[in-house]
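Chemist: Sending over structure_15.cif (mmCIF, C-alpha atoms).
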```cif
data_protein
loop_
_atom_site.label_atom_id
_atom_site.label_comp_id
_atom_site.auth_asym_id
_atom_site.auth_seq_id
_atom_site.Cartn_x
_atom_site.Cartn_y
_atom_site.Cartn_z
CA MET A 1 1.81 30.59 -34.30
CA PRO A 2 3.03 33.31 -31.90
CA PRO A 3 6.61 32.93 -30.62
CA ASN A 4 7.28 30.89 -27.44
CA THR A 5 3.97 29.04 -27.66
CA HIS A 6 3.23 26.61 -24.84
CA PRO A 7 3.50 23.01 -26.14
CA GLN A 8 0.04 22.15 -24.79
CA ARG A 9 -1.71 25.27 -26.06
CA THR A 10 -3.45 23.65 -29.02
CA ALA A 11 -4.57 20.61 -27.02
CA LEU A 12 -5.88 22.79 -24.20
CA HIS A 13 -7.64 25.12 -26.62
CA ASN A 14 -9.36 22.22 -28.37
CA GLU A 15 -10.46 20.65 -25.10
CA ILE A 16 -13.69 22.68 -25.13
CA HIS A 17 -14.47 21.10 -28.51
CA ALA A 18 -13.82 17.53 -27.33
CA ARG A 19 -16.64 15.01 -27.76
CA PRO A 20 -19.00 17.40 -29.59
CA PRO A 21 -22.62 16.29 -30.20
CA GLU A 22 -23.57 15.08 -33.66
CA ALA A 23 -26.39 16.36 -35.83
CA MET A 24 -29.12 13.72 -35.88
CA GLY A 25 -32.38 13.11 -37.65
CA ALA A 26 -35.35 10.93 -36.77
CA PRO A 27 -36.16 8.10 -36.94
CA LEU A 28 -32.92 6.78 -35.43
CA ALA A 29 -32.01 3.70 -33.39
CA ILE A 30 -29.11 4.14 -30.95
CA SER A 31 -27.35 1.51 -28.81
CA HIS A 32 -24.98 2.76 -26.12
CA VAL A 33 -22.56 0.49 -24.22
CA VAL A 34 -20.31 1.54 -21.32
CA MET A 35 -17.30 -0.68 -20.51
CA LEU A 36 -15.26 -0.25 -17.34
CA ALA A 37 -11.57 -0.46 -18.18
CA ASP A 38 -8.20 0.30 -16.59
CA ALA A 39 -5.27 1.79 -18.52
CA ALA A 40 -4.51 -1.52 -20.25
CA GLY A 41 -8.21 -1.98 -21.01
CA ARG A 42 -8.43 1.45 -22.61
CA GLU A 43 -5.50 0.67 -24.88
CA ALA A 44 -7.10 -2.65 -25.74
CA SER A 45 -10.28 -0.74 -26.58
CA ARG A 46 -8.34 1.45 -29.01
CA ALA A 47 -6.89 -1.66 -30.65
CA HIS A 48 -10.37 -3.20 -30.84
CA LEU A 49 -11.68 -0.09 -32.58
CA ALA A 50 -8.76 -0.23 -35.00
CA ALA A 51 -9.67 -3.83 -35.81
CA LEU A 52 -13.26 -2.81 -36.66
CA LEU A 53 -12.06 0.01 -38.91
CA ARG A 54 -9.45 -2.21 -40.55
CA ASP A 55 -12.07 -4.86 -41.31
CA HIS A 56 -14.13 -2.22 -43.14
CA HIS A 57 -11.10 -0.66 -44.92
CA LEU A 58 -11.31 2.62 -43.00
CA PRO A 59 -8.52 4.88 -41.65
CA GLN A 60 -6.96 3.85 -38.37
CA PRO A 61 -7.48 6.00 -35.22
CA ASP A 62 -4.71 8.26 -34.02
CA ALA A 63 -2.54 6.77 -31.27
CA GLN A 64 -3.40 9.68 -28.94
CA ALA A 65 -7.07 10.04 -29.89
CA SER A 66 -9.58 9.92 -27.03
CA HIS A 67 -12.73 9.95 -29.16
CA LEU A 68 -13.74 9.05 -32.70
CA ARG A 69 -16.97 9.00 -34.69
CA MET A 70 -17.25 7.38 -38.09
CA ASP A 71 -19.75 5.95 -40.52
CA ILE A 72 -18.73 2.32 -40.85
CA GLY A 73 -20.55 1.85 -44.14
CA ALA A 74 -22.25 -1.37 -43.14
CA GLY A 75 -25.50 0.24 -42.14
CA PHE A 76 -24.38 1.75 -38.83
CA ARG A 77 -22.29 4.55 -37.34
CA VAL A 78 -19.94 4.24 -34.36
CA ARG A 79 -18.91 6.79 -31.75
CA TRP A 80 -16.05 5.77 -29.44
CA GLU A 81 -14.91 7.75 -26.37
CA LEU A 82 -12.20 7.20 -23.79
CA HIS A 83 -12.94 8.41 -20.26
CA THR A 84 -10.94 8.25 -17.04
CA GLU A 85 -12.21 4.85 -15.93
CA PHE A 86 -14.52 3.67 -18.68
CA VAL A 87 -14.96 3.50 -22.46
CA THR A 88 -18.23 4.26 -24.25
CA TRP A 89 -19.39 2.76 -27.54
CA THR A 90 -22.39 4.35 -29.26
CA PHE A 91 -23.83 2.69 -32.35
CA SER A 92 -26.58 4.30 -34.41
CA ARG A 93 -28.53 3.63 -37.58
CA ALA A 94 -31.67 4.82 -39.30
CA PHE A 95 -34.69 2.51 -39.27
CA ASP A 96 -38.26 2.32 -40.48
CA ALA A 97 -40.51 3.63 -37.72
CA GLN A 98 -43.66 2.17 -39.28
CA GLY A 99 -45.27 -0.27 -36.86
CA PHE A 100 -43.02 0.81 -33.98
CA GLY A 101 -45.74 0.20 -31.42
CA GLU A 102 -46.84 -3.11 -32.90
CA ARG A 103 -43.68 -5.23 -32.82
CA GLU A 104 -40.23 -5.26 -31.24
CA PRO A 105 -38.33 -2.37 -32.84
CA PRO A 106 -34.91 -2.92 -34.44
CA THR A 107 -31.82 -1.86 -32.49
CA ALA A 108 -28.60 -0.32 -33.72
CA ILE A 109 -26.45 -3.00 -32.15
CA GLU A 110 -28.00 -5.65 -34.41
CA ALA A 111 -26.09 -4.13 -37.34
CA VAL A 112 -22.73 -4.44 -35.53
CA PRO A 113 -20.61 -7.55 -36.28
CA GLN A 114 -21.58 -9.85 -33.41
CA GLU A 115 -18.28 -11.70 -33.20
CA TRP A 116 -16.42 -8.40 -32.89
CA LEU A 117 -19.01 -7.07 -30.41
CA ALA A 118 -18.63 -10.10 -28.13
CA LYS A 119 -14.93 -9.27 -27.64
CA LEU A 120 -15.35 -5.68 -26.40
CA PRO A 121 -12.57 -5.11 -23.79
CA GLY A 122 -13.62 -4.38 -20.22
CA GLU A 123 -16.71 -5.04 -18.13
CA CYS A 124 -20.12 -3.70 -19.13
CA ILE A 125 -21.54 -1.34 -16.49
CA ALA A 126 -24.33 0.25 -18.55
CA SER A 127 -26.13 -0.36 -21.82
CA LEU A 128 -29.03 1.52 -23.39
CA HIS A 129 -31.27 1.30 -26.44
CA LEU A 130 -32.62 4.70 -27.48
CA TRP A 131 -35.13 5.18 -30.27
CA VAL A 132 -35.64 8.67 -31.67
CA LEU A 133 -39.02 9.07 -33.38
CA PRO A 134 -40.25 12.09 -35.30
CA ALA A 135 -43.73 11.93 -33.74
CA ARG A 136 -44.73 13.96 -30.69
CA GLY A 137 -47.96 14.49 -28.82
CA SER A 138 -50.37 12.78 -26.44
CA ALA A 139 -51.75 10.64 -29.27
CA ASP A 140 -48.27 9.15 -29.81
CA THR A 141 -47.57 8.03 -26.24
CA SER A 142 -49.08 4.65 -27.06
CA LEU A 143 -46.00 4.01 -29.20
CA VAL A 144 -43.87 3.45 -26.11
CA LYS A 145 -46.11 0.88 -24.44
CA HIS A 146 -44.65 -1.96 -26.51
CA VAL A 147 -41.02 -1.30 -25.57
CA LEU A 148 -41.32 0.01 -21.98
CA HIS A 149 -42.93 -1.28 -18.80
CA ASP A 150 -46.02 0.79 -18.15
CA GLU A 151 -45.99 0.27 -14.35
CA SER A 152 -42.54 1.91 -13.99
CA LEU A 153 -42.85 4.50 -16.75
CA VAL A 154 -40.98 7.79 -16.32
CA ALA A 155 -41.61 10.60 -18.79
CA SER A 156 -41.43 14.34 -19.29
CA THR A 157 -41.32 17.00 -21.93
CA VAL A 158 -37.77 18.17 -22.64
CA ALA A 159 -35.98 20.80 -24.71
CA ASP A 160 -38.30 23.48 -23.31
CA GLY A 161 -41.40 21.54 -24.31
CA HIS A 162 -40.34 20.73 -27.89
CA ALA A 163 -39.85 16.97 -27.32
CA GLU A 164 -40.93 14.14 -25.04
CA VAL A 165 -38.81 11.40 -23.48
CA TYR A 166 -40.01 8.09 -22.04
CA THR A 167 -38.07 5.45 -20.10
CA ASP A 168 -38.54 2.90 -17.33
CA PHE A 169 -34.91 2.63 -16.05
CA GLU A 170 -35.20 -1.16 -16.05
CA LEU A 171 -33.05 -3.89 -17.56
CA HIS A 172 -34.92 -5.81 -20.22
CA ALA A 173 -34.37 -9.37 -21.38
CA ASP A 174 -31.44 -8.42 -23.64
CA GLY A 175 -29.58 -6.72 -20.76
CA PHE A 176 -30.24 -3.19 -22.08
CA SER A 177 -32.30 -0.42 -20.56
CA ARG A 178 -34.59 1.46 -22.94
CA MET A 179 -35.58 5.00 -23.77
CA VAL A 180 -37.88 6.52 -26.40
CA LEU A 181 -37.54 10.13 -27.55
CA LEU A 182 -40.35 11.79 -29.50
CA ALA A 183 -38.34 14.51 -31.17
CA GLY A 184 -41.08 16.54 -32.82
CA GLY A 185 -39.58 19.27 -34.93
CA LEU A 186 -36.20 19.68 -33.16
CA ALA A 187 -33.36 20.86 -35.37
CA PRO A 188 -30.70 18.17 -36.05
CA ARG A 189 -27.98 19.75 -33.93
CA ARG A 190 -30.30 20.48 -31.04
CA LEU A 191 -31.58 16.92 -31.26
CA GLY A 192 -27.98 15.66 -31.19
CA ARG A 193 -27.27 17.65 -28.03
CA LEU A 194 -30.44 16.35 -26.37
CA VAL A 195 -29.64 12.73 -27.24
CA GLN A 196 -26.10 13.13 -25.87
CA ARG A 197 -27.45 14.55 -22.60
CA LEU A 198 -29.93 11.68 -22.20
CA ILE A 199 -27.22 9.09 -22.85
CA GLU A 200 -24.90 10.79 -20.36
CA ILE A 201 -27.60 10.76 -17.69
CA ASP A 202 -27.86 6.98 -17.98
CA THR A 203 -24.06 6.57 -18.13
CA TYR A 204 -23.15 8.80 -15.22
CA ARG A 205 -25.86 7.54 -12.90
CA MET A 206 -24.55 3.97 -13.30
CA VAL A 207 -20.90 4.91 -12.85
CA ALA A 208 -21.84 7.06 -9.84
CA LEU A 209 -23.45 4.04 -8.21
CA LEU A 210 -20.10 2.20 -8.23
CA GLY A 211 -19.46 3.93 -4.91
CA LEU A 212 -22.45 2.25 -3.26
CA PRO A 213 -20.96 -1.28 -2.84
CA ALA A 214 -17.76 0.30 -1.51
CA ALA A 215 -19.84 2.38 0.91
CA ARG A 216 -21.68 -0.69 2.20
CA GLU A 217 -18.45 -2.62 2.69
CA GLY A 218 -16.82 0.42 4.25
CA ALA A 219 -19.71 0.83 6.69
CA ALA A 220 -19.08 -2.68 8.05
CA VAL A 221 -15.36 -1.99 8.43
CA LEU A 222 -16.06 1.36 10.09
CA ALA A 223 -18.51 -0.22 12.54
CA SER A 224 -15.87 -2.74 13.61
CA ALA A 225 -13.22 -0.01 13.88
CA GLU A 226 -15.49 2.25 15.91
CA SER A 227 -16.27 -0.60 18.30
CA GLY A 228 -12.57 -1.36 18.66
CA LEU A 229 -11.80 2.30 19.25
CA ALA A 230 -14.45 2.58 21.97
CA GLU A 231 -13.02 -0.51 23.65
CA LEU A 232 -9.51 0.93 23.45
CA ALA A 233 -10.65 4.25 24.90
CA GLY A 234 -12.14 2.43 27.90
CA ALA A 235 -8.99 0.34 28.32
CA ILE A 236 -6.79 3.43 28.21
CA ARG A 237 -8.72 5.04 31.06
CA ALA A 238 -8.25 2.00 33.31
CA ALA A 239 -4.80 0.92 32.11
CA GLY A 240 -1.74 0.83 34.30
CA ARG A 241 1.67 2.02 33.27
CA HIS A 242 2.86 -1.42 32.22
CA GLU A 243 -0.14 -1.85 29.87
CA GLU A 244 0.35 1.36 27.91
CA PRO A 245 2.87 0.04 25.32
CA GLN A 246 0.47 -2.78 24.35
CA LEU A 247 -2.43 -0.31 24.10
CA LEU A 248 -0.36 2.02 21.96
CA ASP A 249 0.53 -0.87 19.65
CA ARG A 250 -3.17 -1.83 19.32
CA LEU A 251 -4.11 1.77 18.63
CA THR A 252 -1.42 2.07 15.96
CA LYS A 253 -2.71 -1.05 14.22
CA LEU A 254 -6.27 0.29 14.35
CA ALA A 255 -5.12 3.62 12.90
CA GLY A 256 -3.38 1.76 10.08
CA GLU A 257 -6.56 -0.20 9.34
CA VAL A 258 -8.69 2.96 9.26
CA GLU A 259 -6.25 4.87 7.06
CA GLY A 260 -5.86 1.90 4.73
CA GLN A 261 -9.62 1.65 4.27
CA TYR A 262 -9.81 5.41 3.73
CA ALA A 263 -7.08 5.31 1.09
CA ALA A 264 -8.76 2.38 -0.69
CA THR A 265 -12.18 4.07 -0.97
CA HIS A 266 -11.56 7.81 -0.98
CA SER A 267 -10.93 8.06 -4.72
CA ARG A 268 -14.05 5.96 -5.43
CA PHE A 269 -16.26 8.17 -3.25
CA SER A 270 -14.78 11.34 -4.75
CA ALA A 271 -15.45 10.03 -8.26
CA SER A 272 -19.02 9.05 -7.33
CA ALA A 273 -19.68 12.52 -5.93
CA ALA A 274 -18.43 14.06 -9.18
CA TYR A 275 -20.62 11.74 -11.27
CA PHE A 276 -23.68 12.50 -9.14
CA GLU A 277 -23.10 16.20 -9.82
CA LEU A 278 -22.84 15.48 -13.55
CA VAL A 279 -26.18 13.66 -13.44
CA ASP A 280 -27.75 16.72 -11.80
CA ARG A 281 -26.27 19.02 -14.43
CA ARG A 282 -27.37 16.87 -17.37
CA ILE A 283 -30.91 16.68 -15.99
CA ALA A 284 -30.94 20.46 -15.66
CA ASP A 285 -29.62 20.76 -19.24
CA ILE A 286 -32.49 18.85 -20.85
CA GLY A 287 -35.07 21.40 -19.59
CA GLU A 288 -37.70 19.05 -18.17
CA SER A 289 -41.34 19.78 -17.46
CA ARG A 290 -44.05 17.43 -16.24
CA LEU A 291 -46.32 15.22 -18.28
CA ALA A 292 -49.70 14.66 -16.64
CA GLY A 293 -49.75 11.63 -14.34
CA LEU A 294 -46.06 10.70 -14.77
CA GLN A 295 -42.99 11.42 -12.70
CA THR A 296 -40.12 13.24 -14.35
CA ILE A 297 -36.56 11.99 -14.70
CA ALA A 298 -35.45 14.54 -12.10
CA GLU A 299 -38.05 13.31 -9.60
CA PHE A 300 -37.15 9.68 -10.25
CA MET A 301 -33.42 10.35 -9.80
CA GLU A 302 -34.02 12.42 -6.68
CA ARG A 303 -36.07 9.63 -5.13
CA ARG A 304 -33.92 6.68 -6.22
CA LEU A 305 -30.40 8.12 -6.28
CA SER A 306 -30.57 10.21 -3.13
CA PRO A 307 -30.24 7.23 -0.74
CA ALA A 308 -27.15 5.95 -2.58
CA ARG A 309 -25.65 9.44 -2.75
CA SER A 310 -26.36 10.03 0.95
CA THR A 311 -24.85 6.65 1.86
CA CYS A 312 -21.60 7.45 0.04
CA ALA A 313 -21.45 10.93 1.59
CA TRP A 314 -22.25 9.52 5.06
CA VAL A 315 -19.49 6.90 4.85
CA THR A 316 -17.04 9.58 3.70
CA ARG A 317 -17.93 11.80 6.68
CA ARG A 318 -17.78 8.81 8.99
CA GLN A 319 -14.30 7.92 7.74
CA ASP A 320 -13.09 11.47 8.34
CA ALA A 321 -14.62 11.58 11.83
CA LEU A 322 -13.16 8.19 12.80
CA SER A 323 -9.73 9.16 11.51
CA GLN A 324 -9.84 12.33 13.61
CA ARG A 325 -10.97 10.40 16.70
CA VAL A 326 -8.17 7.86 16.29
CA SER A 327 -5.70 10.72 15.92
CA ARG A 328 -6.98 12.45 19.08
CA ILE A 329 -6.86 9.29 21.20
CA SER A 330 -3.38 8.49 19.84
CA ASN A 331 -2.19 11.96 20.84
CA LEU A 332 -3.73 11.61 24.30
CA LEU A 333 -2.12 8.22 24.87
CA ARG A 334 1.25 9.44 23.60
CA THR A 335 0.98 12.49 25.86
CA ARG A 336 0.25 10.24 28.82
CA VAL A 337 3.20 8.02 28.01
CA GLU A 338 5.47 11.05 27.59
CA ILE A 339 4.38 12.49 30.95
CA GLU A 340 5.10 9.19 32.68
CA GLN A 341 8.46 9.01 30.92
CA GLN A 342 9.25 12.51 32.17
CA GLN A 343 8.28 11.49 35.71
CA SER A 344 10.50 8.41 35.41
CA SER A 345 13.32 10.64 34.18
CA GLN A 346 12.87 12.95 37.18
CA LEU A 347 13.02 10.00 39.57
CA LEU A 348 16.14 8.75 37.80
CA LEU A 349 17.78 12.16 38.10
CA ALA A 350 16.88 12.34 41.80
CA ALA A 351 18.41 8.87 42.33
CA MET A 352 21.53 9.99 40.46
CA ASN A 353 21.78 13.05 42.71
CA ARG A 354 21.53 10.85 45.79
CA ARG A 355 24.21 8.53 44.45
CA GLN A 356 26.41 11.51 43.66
CA GLY A 357 26.02 12.77 47.25
CA LEU A 358 27.00 9.38 48.59
CA GLN A 359 29.99 9.34 46.27
CA LEU A 360 31.06 12.76 47.58
CA LYS A 361 30.78 11.55 51.17
CA LEU A 362 32.74 8.43 50.32
CA GLN A 363 35.30 10.56 48.56
CA ALA A 364 35.63 12.77 51.67
CA THR A 365 36.23 9.64 53.75
CA VAL A 366 38.81 8.40 51.32
CA GLU A 367 40.51 11.80 51.35
CA GLY A 368 41.32 11.33 55.08
CA LEU A 369 42.98 8.04 54.26
CA SER A 370 44.74 9.69 51.34
CA VAL A 371 46.20 12.38 53.61
CA ALA A 372 47.49 9.67 55.98
CA ALA A 373 48.96 7.62 53.13
CA ILE A 374 50.63 10.58 51.45
CA THR A 375 51.97 11.80 54.82
CA TYR A 376 53.35 8.31 55.52
CA TYR A 377 55.26 8.19 52.24
CA ILE A 378 56.61 11.74 52.58
CA VAL A 379 57.68 11.21 56.19
CA GLY A 380 59.45 8.03 55.10
CA LEU A 381 61.38 10.07 52.59
CA VAL A 382 62.19 12.65 55.29
CA SER A 383 63.48 9.83 57.57
CA TYR A 384 65.82 8.59 54.86
CA MET A 385 67.03 12.11 54.27
CA ALA A 386 67.61 12.62 58.02
CA LYS A 387 69.67 9.39 58.24
CA GLY A 388 71.93 10.57 55.46
CA ALA A 389 72.13 14.07 56.87
CA HIS A 390 72.97 12.73 60.39
CA ALA A 391 76.04 11.04 58.90
CA ILE A 392 77.34 14.38 57.66
CA GLY A 393 76.54 16.35 60.82
CA TRP A 394 72.76 16.76 61.13
CA PRO A 395 72.31 17.13 64.87
CA PHE A 396 69.00 15.25 65.21
CA SER A 397 68.36 11.60 64.82
CA ALA A 398 66.30 10.25 61.94
CA GLU A 399 63.46 9.22 64.31
CA ALA A 400 63.26 12.66 65.89
CA THR A 401 63.28 14.36 62.53
CA ALA A 402 60.50 12.09 61.24
CA ALA A 403 58.41 12.72 64.37
CA VAL A 404 58.68 16.48 63.95
CA ALA A 405 57.90 16.27 60.19
CA ILE A 406 54.66 14.26 60.58
CA PRO A 407 52.31 17.13 61.65
CA ILE A 408 53.92 19.56 59.24
CA VAL A 409 53.62 17.20 56.25
CA ALA A 410 50.05 16.16 57.17
CA LEU A 411 48.95 19.80 57.45
CA GLY A 412 50.57 20.62 54.09
CA VAL A 413 48.95 17.67 52.31
CA TRP A 414 45.55 18.51 53.75
CA ALA A 415 45.86 22.18 52.73
CA SER A 416 46.91 21.20 49.18
CA LEU A 417 43.89 18.91 48.76
CA ARG A 418 41.54 21.62 50.01
CA ARG A 419 42.98 24.14 47.54
CA LEU A 420 42.54 21.61 44.73
CA HIS A 421 38.88 20.96 45.69
CA SER A 422 38.15 24.68 45.89
CA LYS A 423 39.54 25.23 42.43
CA VAL A 424 37.58 22.31 40.90
CA PHE A 425 34.25 23.40 42.43
CA ALA A 426 34.89 27.02 41.46
CA ASP A 427 35.40 25.96 37.83
#
```
Here is a file; write its structure as structure tokens.
Modeler:
Amino acid sequence: MPPNTHPQRTALHNEIHARPPEAMGAPLAISHVVMLADAAGREASRAHLAALLRDHHLPQPDAQASHLRMDIGAGFRVRWELHTEFVTWTFSRAFDAQGFGEREPPTAIEAVPQEWLAKLPGECIASLHLWVLPARGSADTSLVKHVLHDESLVASTVADGHAEVYTDFELHADGFSRMVLLAGGLAPRRLGRLVQRLIEIDTYRMVALLGLPAAREGAAVLASAESGLAELAGAIRAAGRHEEPQLLDRLTKLAGEVEGQYAATHSRFSASAAYFELVDRRIADIGESRLAGLQTIAEFMERRLSPARSTCAWVTRRQDALSQRVSRISNLLRTRVEIEQQQSSQLLLAAMNRRQGLQLKLQATVEGLSVAAITYYIVGLVSYMAKGAHAIGWPFSAEATAAVAIPIVALGVWASLRRLHSKVFAD
């Protein structure tokens, strides 16, 4: 290895080789089961696979493995894959194609231990029986009549005209949908790639449809929220100042409801959109062309999946639009409240200015009394001084001295207060 190699280099390099298709030969019976599982369910799935391998004395899967394929040795082969939100189990076995159109054909899942199969972790979201037959041609289409419903038959040539696929996209009595592939002379690896694409089409279209129930529930919630928002918008226009806090509280609760519903469904809708795109890509990969009188898989999916896809996309757009509307109305109401608060602040400041003016006038009135009081105390001191001075030769009586001092002291006190006021206001 080169020096300073990134610790994830090998894993990232091998990612393009993850889940490779297997070489296959016809005739072959395949049973595919998709189980929804959370993180704990995926680990339980790994342990369940380990139990199957242990029962057949086979090596245990790696603790970090996300896919495994192995010949069990009991007449069937298993392919196990971990995905983000589901686990797939694909069982396959060879079978005798003689009399395929005359009786119910054998399935691969019949060879799997039934007690072990009944305990698969998770919830089944999709299951498919696929039979690969070596025959191909218009004379062989009668082979599919026994296993598929003729009134809902969907078929096309695939692999650039080298094979034919037939299905009805219906659940049969055993809970499995069915598909028949007339492989013709396809090479084993090319056949393996084609089978994998067909299985993925059925898997991804079912997982993509998980967004539809959430979209229907979300549409009801959005309708209620939109009605509430329209009512709030009307109330805001006619509301008085005292009603605005209650309206803002109602609007905040509505915004929380909308954002909560968006957070609960956004990941589901995003995943469904991604799965719908994968369905489109897998259909493009199989290279379809029309068989006379029958609709192709692409046409069937376009007609049947488009409403569900459009519903999910419409609810997503509706959520975004409603969230933006709630945000705009919240901003408008907050702006209105802020403007009224500013007006209230201006009125408060004006009232404070008026009170300050009254205080200044009152202070001016009190200053006149202060001059008189200070003059009274100072003149009293002058009178006492005059009495003492008269005893040692001051020629004027204390009363005369006090009378002369009154205007002088009053004028001095008044001038001192004015100088003090001038200094304070100048500062």
Chemist: To test your reading of the syntax: which residues would the PyMOL selection byres ((chain A and resi 290) around 6) return for the file shown? Reply as number ranges by chain.
Modeler: A: 156, 289, 291
Chemist: Written as a PyMOL selection string, which residues does the PyMOL selection byres ((chain A and resi 165) around 8) give for the file shown?
Modeler: chain A and resi 155-158+163-164+166-167+179-182
Chemist: What does the file look like for those residues with C-alpha atoms, as a tab-separated table (two decimals), in the coordinates of the input?
Modeler:
```
chain	number	residue	atom	x	y	z
A	155	ALA	CA	-41.61	10.60	-18.79
A	156	SER	CA	-41.43	14.34	-19.29
A	157	THR	CA	-41.32	17.00	-21.93
A	158	VAL	CA	-37.77	18.17	-22.64
A	163	ALA	CA	-39.85	16.97	-27.32
A	164	GLU	CA	-40.93	14.14	-25.04
A	166	TYR	CA	-40.01	8.09	-22.04
A	167	THR	CA	-38.07	5.45	-20.10
A	179	MET	CA	-35.58	5.00	-23.77
A	180	VAL	CA	-37.88	6.52	-26.40
A	181	LEU	CA	-37.54	10.13	-27.55
A	182	LEU	CA	-40.35	11.79	-29.50
```
Chemist: Can you list, as a PDB file with C-alpha atoms, in the frame of the given file, every protein, DNA or RNA residue that comes within 9 Å of segment 88-90 of chain A when you count only C-alpha atoms, leaving out same-chain residues fewer than 2 positions away?
Modeler:
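Written output follows (selection31.pdb):
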```pdb
ATOM      1  CA  ILE A  30     -29.110   4.140 -30.950  1.00  0.00           C
ATOM      2  CA  SER A  31     -27.350   1.510 -28.810  1.00  0.00           C
ATOM      3  CA  HIS A  32     -24.980   2.760 -26.120  1.00  0.00           C
ATOM      4  CA  VAL A  33     -22.560   0.490 -24.220  1.00  0.00           C
ATOM      5  CA  VAL A  34     -20.310   1.540 -21.320  1.00  0.00           C
ATOM      6  CA  MET A  35     -17.300  -0.680 -20.510  1.00  0.00           C
ATOM      7  CA  LEU A  36     -15.260  -0.250 -17.340  1.00  0.00           C
ATOM      8  CA  ARG A  69     -16.970   9.000 -34.690  1.00  0.00           C
ATOM      9  CA  ARG A  77     -22.290   4.550 -37.340  1.00  0.00           C
ATOM     10  CA  VAL A  78     -19.940   4.240 -34.360  1.00  0.00           C
ATOM     11  CA  ARG A  79     -18.910   6.790 -31.750  1.00  0.00           C
ATOM     12  CA  TRP A  80     -16.050   5.770 -29.440  1.00  0.00           C
ATOM     13  CA  GLU A  81     -14.910   7.750 -26.370  1.00  0.00           C
ATOM     14  CA  LEU A  82     -12.200   7.200 -23.790  1.00  0.00           C
ATOM     15  CA  HIS A  83     -12.940   8.410 -20.260  1.00  0.00           C
ATOM     16  CA  PHE A  86     -14.520   3.670 -18.680  1.00  0.00           C
ATOM     17  CA  SER A  92     -26.580   4.300 -34.410  1.00  0.00           C
ATOM     18  CA  ALA A 108     -28.600  -0.320 -33.720  1.00  0.00           C
ATOM     19  CA  ILE A 109     -26.450  -3.000 -32.150  1.00  0.00           C
ATOM     20  CA  THR A 203     -24.060   6.570 -18.130  1.00  0.00           C
TER      21      THR A 203
END
```
Chemist: Find the residues around Val409 of chain A up to 8 Å (only C-alpha atoms counted), leave out those fewer than 2 positions away in its own chain, and share them as JSON, numbers by chain.
Modeler: {"A": [375, 378, 379, 405, 406, 407, 411, 412, 413]}
Chemist: Of the candidates A:Cys124, A:Ile72, A:Val195, A:Ala350, which shows the shortest atom-to-atom distance to Pro21 of chain A, using all atoms listed in the file?
Modeler: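 Comparing A:Cys124, A:Ile72, A:Val195, A:Ala350 against Pro21 of chain A, the winner is A:Val195.
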Chemist: For Ala50 of chain A, work out the shell of residues within 12 Å, counting all atoms listed in the file and skipping chain neighbours fewer than 6 positions away, then give it as a list in words.
Modeler: Glu43, Ala44, His56, His57, Leu58, Pro59, Gln60, Pro61, Asp62, Ala63, Ala65, Leu68, Met70, Ile72, Trp80 and Trp116 of chain A
Chemist: Determine the nearest neighbour of Ala219 of chain A from the options A:Val404, A:Ala187, A:Leu12, A:Val315, counting all atoms listed in the file.
Modeler: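 Residue with the minimum atom-to-atom distance to Ala219 of chain A: A:Val315.
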Chemist: Find, counting all atoms listed in the file, the residue in A:Ser422, A:Ser272, A:Pro20, A:Val382 that gets nearest to Val207 of chain A.
Modeler: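 Answer, going by the shortest atom-to-atom distance: A:Ser272.
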Chemist: Report the residues retrieved by the PyMOL selection byres ((chain A and resi 326) around 9) from the displayed file, expressed as JSON, numbers by chain.
Modeler: {"A": [229, 251, 252, 254, 255, 258, 321, 322, 323, 324, 325, 327, 328, 329, 330, 331]}
Chemist: Nearest residue to Tyr384 of chain A out of A:Cys312, A:Leu362, A:Ala402, A:Leu305, using all atoms listed in the file?
Modeler: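 Among the listed residues, the smallest separation from Tyr384 of chain A belongs to A:Ala402.
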Chemist: Between atom CA of Arg237 of chain A and atom CA of Leu222 of chain A, measure the distance and give it in Å to one decimal.
Modeler: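 Atom CA of Leu222 of chain A lies 22.5 Å from atom CA of Arg237 of chain A.
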Chemist: Quote the spacing between atom CA of Ala225 of chain A and atom CA of Glu243 of chain A in Å to one decimal place.
Modeler: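 Separation of atom CA of Ala225 of chain A and atom CA of Glu243 of chain A: 20.7 Å.
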